[in-house]
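Student: This is the content of model_14.txt (compact mmCIF, C-alpha atoms):
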```
# COMPACT_ATOMS: atom_id res chain seq x y z
CA GLN P 1 32.37 88.06 127.89
CA VAL P 2 32.17 87.91 131.66
CA GLN P 3 30.84 90.62 133.93
CA LEU P 4 31.65 90.81 137.63
CA VAL P 5 29.81 92.70 140.35
CA GLU P 6 31.23 92.91 143.85
CA SER P 7 29.31 93.64 147.02
CA GLY P 8 29.76 93.48 150.76
CA GLY P 9 32.37 96.12 151.45
CA GLY P 10 32.04 98.61 154.26
CA LEU P 11 33.47 100.07 157.45
CA VAL P 12 34.25 97.73 160.32
CA GLN P 13 36.31 97.83 163.47
CA ALA P 14 39.51 95.87 163.88
CA GLY P 15 38.82 92.25 164.78
CA GLU P 16 35.39 92.18 163.17
CA PRO P 17 34.46 89.99 160.19
CA LEU P 18 33.22 90.94 156.74
CA ARG P 19 32.19 88.91 153.72
CA LEU P 20 32.61 90.03 150.14
CA SER P 21 30.64 88.57 147.25
CA CYS P 22 31.35 88.62 143.54
CA ALA P 23 28.60 87.61 141.15
CA ALA P 24 29.64 86.60 137.65
CA SER P 25 27.40 86.77 134.62
CA GLY P 26 27.75 86.30 130.90
CA SER P 27 30.08 83.60 129.60
CA THR P 28 30.66 82.05 133.01
CA PHE P 29 31.37 78.65 131.45
CA SER P 30 34.69 80.09 130.25
CA ILE P 31 35.95 80.94 133.72
CA LYS P 32 38.95 78.90 134.82
CA ALA P 33 39.83 80.72 138.03
CA MET P 34 38.52 83.52 140.18
CA GLY P 35 40.17 85.58 142.81
CA TRP P 36 40.30 88.65 144.95
CA TYR P 37 42.89 91.38 144.78
CA ARG P 38 43.21 94.60 146.75
CA GLN P 39 44.77 98.00 146.34
CA ALA P 40 45.51 100.30 149.22
CA PRO P 41 46.14 104.03 148.69
CA GLY P 42 49.59 104.62 147.24
CA LYS P 43 50.26 100.92 146.80
CA GLN P 44 50.14 98.47 143.93
CA ARG P 45 47.30 96.04 143.48
CA GLU P 46 48.11 92.77 145.21
CA LEU P 47 46.73 89.26 145.22
CA VAL P 48 44.61 88.29 148.20
CA ALA P 49 43.26 84.85 147.29
CA THR P 50 42.42 82.74 144.27
CA ILE P 51 40.34 79.64 143.66
CA SER P 52 40.47 77.25 140.73
CA SER P 53 38.93 73.77 140.48
CA GLY P 54 38.63 73.76 144.25
CA SER P 55 42.26 74.62 144.82
CA THR P 56 42.91 77.81 146.78
CA ASN P 57 45.85 80.14 147.17
CA TYR P 58 46.33 82.94 149.69
CA ALA P 59 48.68 85.80 150.29
CA ASP P 60 50.78 85.22 153.39
CA SER P 61 49.30 88.32 154.99
CA VAL P 62 45.78 86.85 155.03
CA LYS P 63 46.43 83.14 155.59
CA GLY P 64 44.43 81.84 158.51
CA ARG P 65 42.13 84.88 158.51
CA PHE P 66 40.54 84.96 155.05
CA THR P 67 38.72 82.17 153.23
CA ILE P 68 37.81 82.15 149.55
CA SER P 69 34.97 79.98 148.31
CA ARG P 70 32.92 79.56 145.18
CA ASP P 71 29.30 78.61 144.60
CA ASN P 72 29.20 77.34 141.03
CA ALA P 73 25.40 77.12 141.00
CA LYS P 74 25.20 80.84 141.74
CA ASN P 75 28.32 81.80 139.75
CA THR P 76 29.48 83.63 142.84
CA VAL P 77 32.78 83.74 144.67
CA TYR P 78 33.04 84.84 148.28
CA LEU P 79 35.79 86.17 150.48
CA GLN P 80 35.18 85.65 154.17
CA MET P 81 37.46 87.99 156.08
CA ASN P 82 37.91 87.43 159.80
CA SER P 83 40.06 89.18 162.36
CA LEU P 84 40.34 92.22 160.14
CA LYS P 85 43.21 94.60 160.70
CA PRO P 86 43.59 98.28 159.75
CA GLU P 87 46.21 97.22 157.20
CA ASP P 88 43.48 95.27 155.37
CA THR P 89 41.94 98.59 154.39
CA ALA P 90 41.83 98.76 150.60
CA VAL P 91 39.63 98.59 147.55
CA TYR P 92 38.98 94.92 146.90
CA TYR P 93 38.61 93.76 143.31
CA CYS P 94 37.15 90.54 142.00
CA ASN P 95 39.00 88.89 139.13
CA ALA P 96 38.08 86.14 136.69
CA ARG P 97 40.49 84.41 134.33
CA ASN P 98 39.40 82.27 131.39
CA TRP P 99 41.09 79.37 129.70
CA TYR P 100 42.95 81.80 127.41
CA ASN P 101 44.27 83.66 130.48
CA GLN P 102 42.18 86.70 129.63
CA GLU P 103 41.15 88.63 132.71
CA THR P 104 38.00 90.43 133.76
CA TRP P 105 37.85 92.81 136.72
CA GLY P 106 34.99 94.02 138.83
CA GLN P 107 34.50 97.64 139.74
CA GLY P 108 35.89 97.22 143.24
CA THR P 109 34.43 97.54 146.71
CA GLN P 110 35.90 99.57 149.55
CA VAL P 111 36.84 97.87 152.80
CA THR P 112 37.83 100.14 155.66
CA VAL P 113 39.01 98.77 159.00
CA SER P 114 39.23 101.20 161.88
CA SER P 115 41.54 100.68 164.81
```
How would this structure read if it were set down as structure tokens?

Tutor:
Amino acid sequence: QVQLVESGGGLVQAGEPLRLSCAASGSTFSIKAMGWYRQAPGKQRELVATISSGSTNYADSVKGRFTISRDNAKNTVYLQMNSLKPEDTAVYYCNARNWYNQETWGQGTQVTVSS
């Protein structure tokens, strides 16, 4: 099994940066892809960015502002968020998918962007 722990959320002003971290533990060798999702109040959870074998994918709403990266030595995935907007306010969840397409979720970290 894989366990995920997110950190780095908080309250920032519009335009400021923030970096989220997600540390994986357990059966990390089984992880095929990792990603970040977010859920704003009253909305469905949506994909933000994913990374797999060095290939990345981003939601259109964050392209050019967010960067996902992975440190395999530390079993950690990062989400660098620049030029934050109030509409980026949400709970951000880390996700890991194994080679059987089974998913693990972190507990979530709140990101609040004030205008």

Student: Dig up all the protein and nucleic acid residues within 10 Å of (38.5, 81.9, 137.1) in the file frame, using all atoms listed in the file, and format them as JSON, numbers by chain.

Tutor: {"P": [28, 29, 30, 31, 32, 33, 34, 35, 50, 51, 52, 53, 77, 95, 96, 97, 98, 99, 101, 102, 103, 104]}

Student: Hey, which of P:Arg38, P:Lys43, P:Lys74, P:Arg65 ends up closest to Thr109 in chain P? Count only C-alpha atoms.

Tutor: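 Of P:Arg38, P:Lys43, P:Lys74, P:Arg65, the one nearest Thr109 in chain P is P:Arg38, counting only C-alpha atoms.
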
Student: Go ahead and compute the interatomic distance for CA of Pro17 in chain P and CA of Val2 in chain P, in Å to one decimal.

Tutor: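 A separation of 28.7 Å between them.
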
Student: Using only C-alpha atoms for the distances, tell me which of P:Ala24, P:Val113, P:Leu18, P:Val48 is nearest to Asp88 in chain P.

Tutor: P:Val113

Student: Fewer than 4 positions away in the same chain doesn't count, so skip those; otherwise give me all residues within 10 Å of Asn82 in chain P, counting all atoms listed in the file, as a list in words.

Tutor: Ala14, Gly15, Glu16, Pro17, Leu18, Arg19, Val62, Gly64, Arg65, Phe66 and Thr67 of chain P

Student: Only C-alpha atoms, please: the residues just picked out, written as a CSV table (one decimal), in the coordinates of the input.

Tutor:
```csv
chain,number,residue,atom,x,y,z
P,14,ALA,CA,39.5,95.9,163.9
P,15,GLY,CA,38.8,92.2,164.8
P,16,GLU,CA,35.4,92.2,163.2
P,17,PRO,CA,34.5,90.0,160.2
P,18,LEU,CA,33.2,90.9,156.7
P,19,ARG,CA,32.2,88.9,153.7
P,62,VAL,CA,45.8,86.8,155.0
P,64,GLY,CA,44.4,81.8,158.5
P,65,ARG,CA,42.1,84.9,158.5
P,66,PHE,CA,40.5,85.0,155.0
P,67,THR,CA,38.7,82.2,153.2
```

Student: To one decimal place, how far is CA of Ser7 in chain P from CA of Leu84 in chain P in Å?

Tutor: 17.2 Å
